[in-house]
$ cat run_31.txt   # compact mmCIF, C-alpha atoms
# COMPACT_ATOMS: atom_id res chain seq x y z
CA MET C 1 -19.99 2.35 5.29
CA LYS C 2 -18.45 -0.16 2.89
CA ARG C 3 -16.03 -2.73 4.26
CA ILE C 4 -12.57 -1.98 2.92
CA ALA C 5 -9.51 -4.09 3.65
CA ALA C 6 -5.90 -2.93 3.69
CA VAL C 7 -3.45 -4.88 1.55
CA VAL C 8 0.14 -3.97 2.40
CA LEU C 9 2.81 -4.95 -0.14
CA ALA C 10 5.95 -5.79 1.83
CA ALA C 11 7.70 -8.43 -0.27
CA GLY C 12 10.15 -6.44 -2.40
CA LEU C 13 13.90 -6.93 -2.76
CA SER C 14 14.92 -3.35 -1.83
CA ARG C 15 17.55 -3.46 -4.58
CA ARG C 16 18.16 0.28 -4.74
CA MET C 17 18.39 0.64 -0.95
CA GLY C 18 20.97 -2.12 -0.60
CA VAL C 19 19.39 -3.42 2.61
CA ASN C 20 15.82 -4.29 3.52
CA LYS C 21 14.29 -0.83 3.71
CA LEU C 22 11.17 -2.00 5.51
CA THR C 23 13.11 -2.97 8.63
CA LEU C 24 15.20 0.22 8.84
CA SER C 25 14.51 2.33 11.92
CA LEU C 26 12.75 5.61 11.13
CA ASP C 27 11.54 7.92 13.90
CA GLY C 28 12.11 5.13 16.40
CA LYS C 29 10.31 2.28 14.64
CA PRO C 30 10.69 0.17 11.49
CA VAL C 31 9.67 1.84 8.23
CA ILE C 32 6.94 -0.77 7.64
CA ARG C 33 5.45 -0.08 11.05
CA HIS C 34 4.46 3.47 10.12
CA ALA C 35 1.97 2.29 7.50
CA LEU C 36 0.52 -0.31 9.84
CA ASP C 37 0.05 2.19 12.66
CA SER C 38 -1.89 4.50 10.33
CA ILE C 39 -4.02 1.59 9.15
CA ALA C 40 -4.78 0.62 12.76
CA ALA C 41 -5.92 4.18 13.49
CA SER C 42 -8.28 4.24 10.49
CA ARG C 43 -11.66 2.73 9.61
CA LEU C 44 -10.19 -0.04 7.48
CA ALA C 45 -11.81 -3.39 8.22
CA GLY C 46 -8.86 -5.74 8.37
CA THR C 47 -5.30 -5.98 7.11
CA THR C 48 -3.46 -8.44 4.88
CA ILE C 49 0.33 -8.11 4.65
CA VAL C 50 2.13 -9.74 1.74
CA LEU C 51 5.64 -10.89 2.64
CA GLY C 52 8.41 -12.25 0.42
CA HIS C 53 12.04 -11.11 0.60
CA GLU C 54 13.34 -11.66 4.15
CA ALA C 55 9.81 -12.51 5.23
CA GLY C 56 10.85 -13.48 8.74
CA ALA C 57 12.62 -10.19 9.43
CA VAL C 58 9.71 -8.11 8.12
CA GLN C 59 7.18 -10.10 10.14
CA ALA C 60 9.35 -9.70 13.24
CA ALA C 61 9.31 -5.92 12.69
CA LEU C 62 5.53 -6.14 12.90
CA ALA C 63 5.30 -8.13 16.12
CA GLY C 64 1.96 -7.51 17.79
CA VAL C 65 0.23 -6.16 14.68
CA ALA C 66 -3.25 -7.58 14.12
CA ALA C 67 -3.03 -8.76 10.52
CA HIS C 68 -3.19 -11.74 8.21
CA PHE C 69 0.22 -12.56 6.75
CA VAL C 70 0.62 -14.06 3.28
CA VAL C 71 3.95 -15.17 1.84
CA ASN C 72 4.41 -14.56 -1.88
CA GLU C 73 6.91 -17.15 -3.04
CA ASP C 74 7.06 -15.46 -6.45
CA PHE C 75 8.07 -12.05 -5.07
CA ALA C 76 11.06 -11.77 -7.43
CA GLY C 77 8.52 -11.48 -10.26
CA GLY C 78 7.66 -7.94 -9.21
CA LEU C 79 5.10 -5.97 -7.25
CA SER C 80 2.20 -7.32 -9.30
CA THR C 81 2.73 -10.83 -7.92
CA SER C 82 2.28 -9.53 -4.38
CA LEU C 83 -0.76 -7.50 -5.37
CA LYS C 84 -2.42 -10.61 -6.80
CA ALA C 85 -1.52 -12.67 -3.72
CA GLY C 86 -2.95 -10.05 -1.39
CA LEU C 87 -6.24 -9.72 -3.23
CA ALA C 88 -6.64 -13.49 -3.44
CA ALA C 89 -6.32 -13.74 0.35
CA LEU C 90 -9.11 -11.27 1.17
CA ALA C 91 -12.34 -12.35 2.81
CA PRO C 92 -15.30 -12.47 0.38
CA ASP C 93 -17.28 -9.94 2.42
CA MET C 94 -14.83 -7.11 1.67
CA ASP C 95 -16.23 -4.51 -0.74
CA GLY C 96 -12.82 -3.26 -1.75
CA ALA C 97 -9.13 -3.13 -0.96
CA MET C 98 -6.83 -0.21 -0.28
CA ILE C 99 -3.37 -1.07 -1.58
CA PHE C 100 -0.45 0.23 0.49
CA LEU C 101 3.25 0.20 -0.32
CA GLY C 102 5.23 -0.75 2.75
CA ASP C 103 7.90 1.89 2.11
CA MET C 104 5.55 4.87 2.31
CA PRO C 105 5.62 5.94 5.99
CA ASP C 106 3.58 9.14 5.81
CA ILE C 107 0.03 8.12 4.95
CA ALA C 108 -2.29 9.78 7.47
CA PRO C 109 -5.27 7.95 9.03
CA ASP C 110 -7.47 10.94 8.16
CA LEU C 111 -6.66 10.55 4.47
CA ILE C 112 -7.46 6.84 4.63
CA ASP C 113 -10.84 7.58 6.17
CA ARG C 114 -11.64 10.29 3.62
CA MET C 115 -10.84 7.87 0.81
CA ILE C 116 -13.16 5.27 2.34
CA ALA C 117 -15.90 7.90 2.62
CA ALA C 118 -15.45 8.82 -1.06
CA PHE C 119 -15.80 5.21 -2.19
CA ASN C 120 -19.26 4.56 -3.64
CA PRO C 121 -19.45 2.07 -6.53
CA ASP C 122 -23.21 2.66 -6.88
CA ALA C 123 -22.44 6.29 -7.75
CA GLY C 124 -19.59 5.39 -10.08
CA ARG C 125 -16.81 5.99 -7.54
CA ALA C 126 -15.36 2.46 -7.52
CA ILE C 127 -11.69 3.51 -7.47
CA VAL C 128 -10.32 6.18 -5.13
CA VAL C 129 -6.90 7.77 -5.45
CA PRO C 130 -5.18 10.50 -3.43
CA LYS C 131 -3.91 13.56 -5.27
CA ARG C 132 -1.30 16.12 -4.28
CA ASP C 133 -0.20 19.12 -6.37
CA GLY C 134 -1.82 17.65 -9.46
CA ARG C 135 -0.16 14.24 -9.08
CA ARG C 136 -1.82 10.98 -8.13
CA GLY C 137 -0.21 8.91 -5.41
CA HIS C 138 -0.75 5.97 -3.07
CA PRO C 139 -2.56 4.19 -1.54
CA VAL C 140 -5.21 3.31 -4.14
CA LEU C 141 -8.62 1.94 -3.20
CA TRP C 142 -10.06 -0.60 -5.65
CA GLY C 143 -13.61 -1.90 -5.59
CA ARG C 144 -14.06 -5.65 -5.66
CA GLN C 145 -15.44 -5.45 -9.19
CA PHE C 146 -11.86 -4.87 -10.41
CA PHE C 147 -10.13 -7.70 -8.52
CA ALA C 148 -10.46 -10.22 -11.34
CA ALA C 149 -9.13 -7.77 -13.92
CA ILE C 150 -6.16 -6.92 -11.69
CA SER C 151 -5.37 -10.60 -11.30
CA ARG C 152 -5.41 -11.05 -15.08
CA LYS C 153 -3.65 -7.89 -16.19
CA ALA C 154 -1.22 -6.73 -13.50
CA GLN C 155 2.36 -7.38 -14.57
CA GLY C 156 5.87 -6.80 -13.26
CA ASP C 157 6.50 -3.84 -10.99
CA SER C 158 3.86 -1.63 -12.60
CA GLY C 159 1.11 -3.36 -10.63
CA ALA C 160 -2.33 -2.22 -11.79
CA LYS C 161 -1.18 1.14 -13.19
CA ASN C 162 -2.27 0.34 -16.76
CA LEU C 163 -5.69 -0.80 -15.58
CA LEU C 164 -6.07 2.40 -13.57
CA GLU C 165 -5.44 4.46 -16.69
CA GLN C 166 -8.16 2.53 -18.51
CA GLN C 167 -10.82 3.09 -15.84
CA ALA C 168 -10.93 6.89 -15.63
CA ALA C 169 -14.74 6.94 -15.50
CA PHE C 170 -14.73 5.12 -12.16
CA ILE C 171 -12.05 7.18 -10.40
CA ALA C 172 -12.68 9.59 -7.54
CA GLU C 173 -9.79 11.77 -6.39
CA VAL C 174 -9.23 12.86 -2.79
CA GLN C 175 -6.92 15.77 -2.11
CA ALA C 176 -4.06 14.90 0.22
CA ASP C 177 -2.78 17.36 2.82
CA SER C 178 0.88 16.34 2.53
CA ASP C 179 3.44 14.93 0.12
CA GLY C 180 3.31 11.58 1.94
CA VAL C 181 1.14 10.11 -0.82
CA LEU C 182 3.97 10.75 -3.31
CA ARG C 183 6.97 9.85 -1.18
CA ASP C 184 8.40 6.35 -0.95
CA LEU C 185 11.82 5.32 0.30
CA ASP C 186 13.64 3.60 -2.54
CA THR C 187 17.23 4.79 -2.06
CA PRO C 188 19.61 5.77 0.75
CA ASP C 189 19.14 9.42 -0.26
CA ASP C 190 15.35 9.04 0.03
CA PHE C 191 15.78 7.63 3.51
CA SER C 192 18.20 10.34 4.64
CA ARG C 193 15.94 13.13 3.39
CA ARG C 194 12.92 11.68 5.17
CA ALA C 195 14.87 11.08 8.37
CA GLY C 196 15.90 14.74 8.31
CA THR C 197 19.45 13.91 9.26
CA ASN C 198 22.75 13.01 7.66
CA GLU C 199 22.15 9.42 8.69
CA THR C 200 22.97 6.95 5.92
CA VAL C 201 21.78 3.41 5.32
$ encode --input "run_31.txt" --output "structure tokens"
Amino acid sequence: MKRIAAVVLAAGLSRRMGVNKLTLSLDGKPVIRHALDSIAASRLAGTTIVLGHEAGAVQAALAGVAAHFVVNEDFAGGLSTSLKAGLAALAPDMDGAMIFLGDMPDIAPDLIDRMIAAFNPDAGRAIVVPKRDGRRGHPVLWGRQFFAAISRKAQGDSGAKNLLEQQAAFIAEVQADSDGVLRDLDTPDDFSRRAGTNETV
């Protein structure tokens, strides 16, 4: 089994939510905690969390989590700056990194493990993406061979999307069992729908 690290991007400004969405309480725990609990229950071999906006509050919401925390001072430059910071902080013995968005609370440990099992750079499967109803989602697993290219080419809030489109020959798709791979919490309406209540932010 290849050694895959989790990189959790948790530095954003939450502009559309109006408050820090990662620290909002959802199902009895902070939004960011859901992703970390799934990671802990999976076969991922270590976790790096990239902080930025309200770093102290987000780290406090993750008290007790076994992870390496990195602060991205350039977080206002977009998601790509956090992606680069997270990859740069990984141990050299990691074969790849699974990139998580901190505002996606419904990524199942089973899906994570199936993505790790599908990863095989020697067989041409050096990037693994989840797919649901014909749409690709998150998290995305990148082999180490792409880290340098991501660091050079990722820009703004699009992250490594353009690079992903250029590397179709290396992509393996894993079918997801739920819409969690497509659902993030960007707005108060997103949060209310996921919470299943009339609760507002």
$ closest_residue --input "run_31.txt" --among "C:Gly134, C:Pro139, C:Gly46, C:Gly159" --to "C:Leu83" --atoms "only C-alpha atoms"
C:Gly159
$ closest_residue --input "run_31.txt" --among "C:Ala41, C:Val128, C:Val31, C:Ala160" --to "C:Gly143" --atoms "only C-alpha atoms"
C:Val128
$ atom_distance --input "run_31.txt" --atom1 "atom CA of C:Gly12" --atom2 "atom CA of C:Ile39"
20.0 Å
$ closest_residue --input "run_31.txt" --among "C:Met94, C:Ala61, C:Ala85, C:Ala10" --to "C:Ala45" --atoms "all atoms listed in the file"
C:Met94
$ closest_residue --input "run_31.txt" --among "C:Asn162, C:Gln167, C:Ser42, C:Ser178" --to "C:Gly124" --atoms "only C-alpha atoms"
C:Gln167
$ atom_distance --input "run_31.txt" --atom1 "atom CA of C:Phe146" --atom2 "atom CA of C:Glu173"
17.2 Å
$ closest_atom_pairs --input "run_31.txt" --of "stretch 31-52 of chain C" --to "stretch 66-70 of chain C" --cutoff "12 Å" --atoms "all atoms listed in the file" --output "JSON lines"
{"residue": "C:Arg33", "atom": "CA", "partner": "C:Ala66", "partner_atom": "CA", "distance": 11.9}
{"residue": "C:Leu36", "atom": "CA", "partner": "C:Ala67", "partner_atom": "CA", "distance": 9.2}
{"residue": "C:Asp37", "atom": "CA", "partner": "C:Ala66", "partner_atom": "CA", "distance": 10.4}
{"residue": "C:Ile39", "atom": "CA", "partner": "C:Ala66", "partner_atom": "CA", "distance": 10.5}
{"residue": "C:Ala40", "atom": "CA", "partner": "C:Ala66", "partner_atom": "CA", "distance": 8.5}
{"residue": "C:Leu44", "atom": "CA", "partner": "C:Ala67", "partner_atom": "CA", "distance": 11.7}
{"residue": "C:Ala45", "atom": "CA", "partner": "C:Ala67", "partner_atom": "CA", "distance": 10.5}
{"residue": "C:Gly46", "atom": "CA", "partner": "C:Ala67", "partner_atom": "CA", "distance": 6.9}
{"residue": "C:Thr47", "atom": "CA", "partner": "C:Ala67", "partner_atom": "CA", "distance": 5.0}
{"residue": "C:Thr48", "atom": "CA", "partner": "C:His68", "partner_atom": "CA", "distance": 4.7}
{"residue": "C:Ile49", "atom": "CA", "partner": "C:Phe69", "partner_atom": "CA", "distance": 4.9}
{"residue": "C:Val50", "atom": "CA", "partner": "C:Val70", "partner_atom": "CA", "distance": 4.8}
{"residue": "C:Leu51", "atom": "CA", "partner": "C:Val70", "partner_atom": "CA", "distance": 6.0}
{"residue": "C:Gly52", "atom": "CA", "partner": "C:Val70", "partner_atom": "CA", "distance": 8.5}
$ write_last_selection --input "run_31.txt" --atoms "C-alpha atoms" --output "mmCIF file, keeping the file's coordinate frame"
data_model
loop_
_atom_site.group_PDB
_atom_site.id
_atom_site.type_symbol
_atom_site.label_atom_id
_atom_site.label_comp_id
_atom_site.auth_asym_id
_atom_site.auth_seq_id
_atom_site.Cartn_x
_atom_site.Cartn_y
_atom_site.Cartn_z
ATOM 1 C CA ARG C 33 5.450 -0.080 11.050
ATOM 2 C CA LEU C 36 0.520 -0.310 9.840
ATOM 3 C CA ASP C 37 0.050 2.190 12.660
ATOM 4 C CA ILE C 39 -4.020 1.590 9.150
ATOM 5 C CA ALA C 40 -4.780 0.620 12.760
ATOM 6 C CA LEU C 44 -10.190 -0.040 7.480
ATOM 7 C CA ALA C 45 -11.810 -3.390 8.220
ATOM 8 C CA GLY C 46 -8.860 -5.740 8.370
ATOM 9 C CA THR C 47 -5.300 -5.980 7.110
ATOM 10 C CA THR C 48 -3.460 -8.440 4.880
ATOM 11 C CA ILE C 49 0.330 -8.110 4.650
ATOM 12 C CA VAL C 50 2.130 -9.740 1.740
ATOM 13 C CA LEU C 51 5.640 -10.890 2.640
ATOM 14 C CA GLY C 52 8.410 -12.250 0.420
#
$ residues_near_point --input "run_31.txt" --point "(13.5, 5.3, 14.5)" --cutoff "12 Å" --atoms "only C-alpha atoms" --output "list in words"
Leu22, Thr23, Leu24, Ser25, Leu26, Asp27, Gly28, Lys29, Pro30, Val31, Ile32, Arg33, His34, Pro105, Phe191, Arg194, Ala195, Gly196, Thr197 and Glu199 of chain C
$ closest_residue --input "run_31.txt" --among "C:Ala6, C:Leu182, C:Leu62, C:Val19" --to "C:Met104" --atoms "all atoms listed in the file"
C:Leu182
$ closest_residue --input "run_31.txt" --among "C:Met1, C:Gly56, C:Asp186, C:Val140" --to "C:Asp95" --atoms "all atoms listed in the file"
C:Met1
$ residues_near_point --input "run_31.txt" --point "(-2.1, 10.9, -0.5)" --cutoff "10 Å" --atoms "only C-alpha atoms" --output "ChimeraX atom specification"
/C:106-108,111-112,115,129-132,135-140,173-183
$ atom_distance --input "run_31.txt" --atom1 "atom CA of C:Val8" --atom2 "atom CA of C:Ala172"
21.1 Å
$ residues_around --input "run_31.txt" --residues "C:Thr81" --least-positions-apart "4" --cutoff "8 Å" --atoms "all atoms listed in the file" --output "tab-separated table (two decimals) with C-alpha atoms, in the coordinates of the input"
chain	number	residue	atom	x	y	z
C	72	ASN	CA	4.41	-14.56	-1.88
C	74	ASP	CA	7.06	-15.46	-6.45
C	75	PHE	CA	8.07	-12.05	-5.07
C	77	GLY	CA	8.52	-11.48	-10.26
C	85	ALA	CA	-1.52	-12.67	-3.72
C	154	ALA	CA	-1.22	-6.73	-13.50
C	155	GLN	CA	2.36	-7.38	-14.57
C	156	GLY	CA	5.87	-6.80	-13.26
$ residues_around --input "run_31.txt" --residues "C:Asp122" --least-positions-apart "4" --cutoff "12 Å" --atoms "only C-alpha atoms" --output "count of residues only"
8
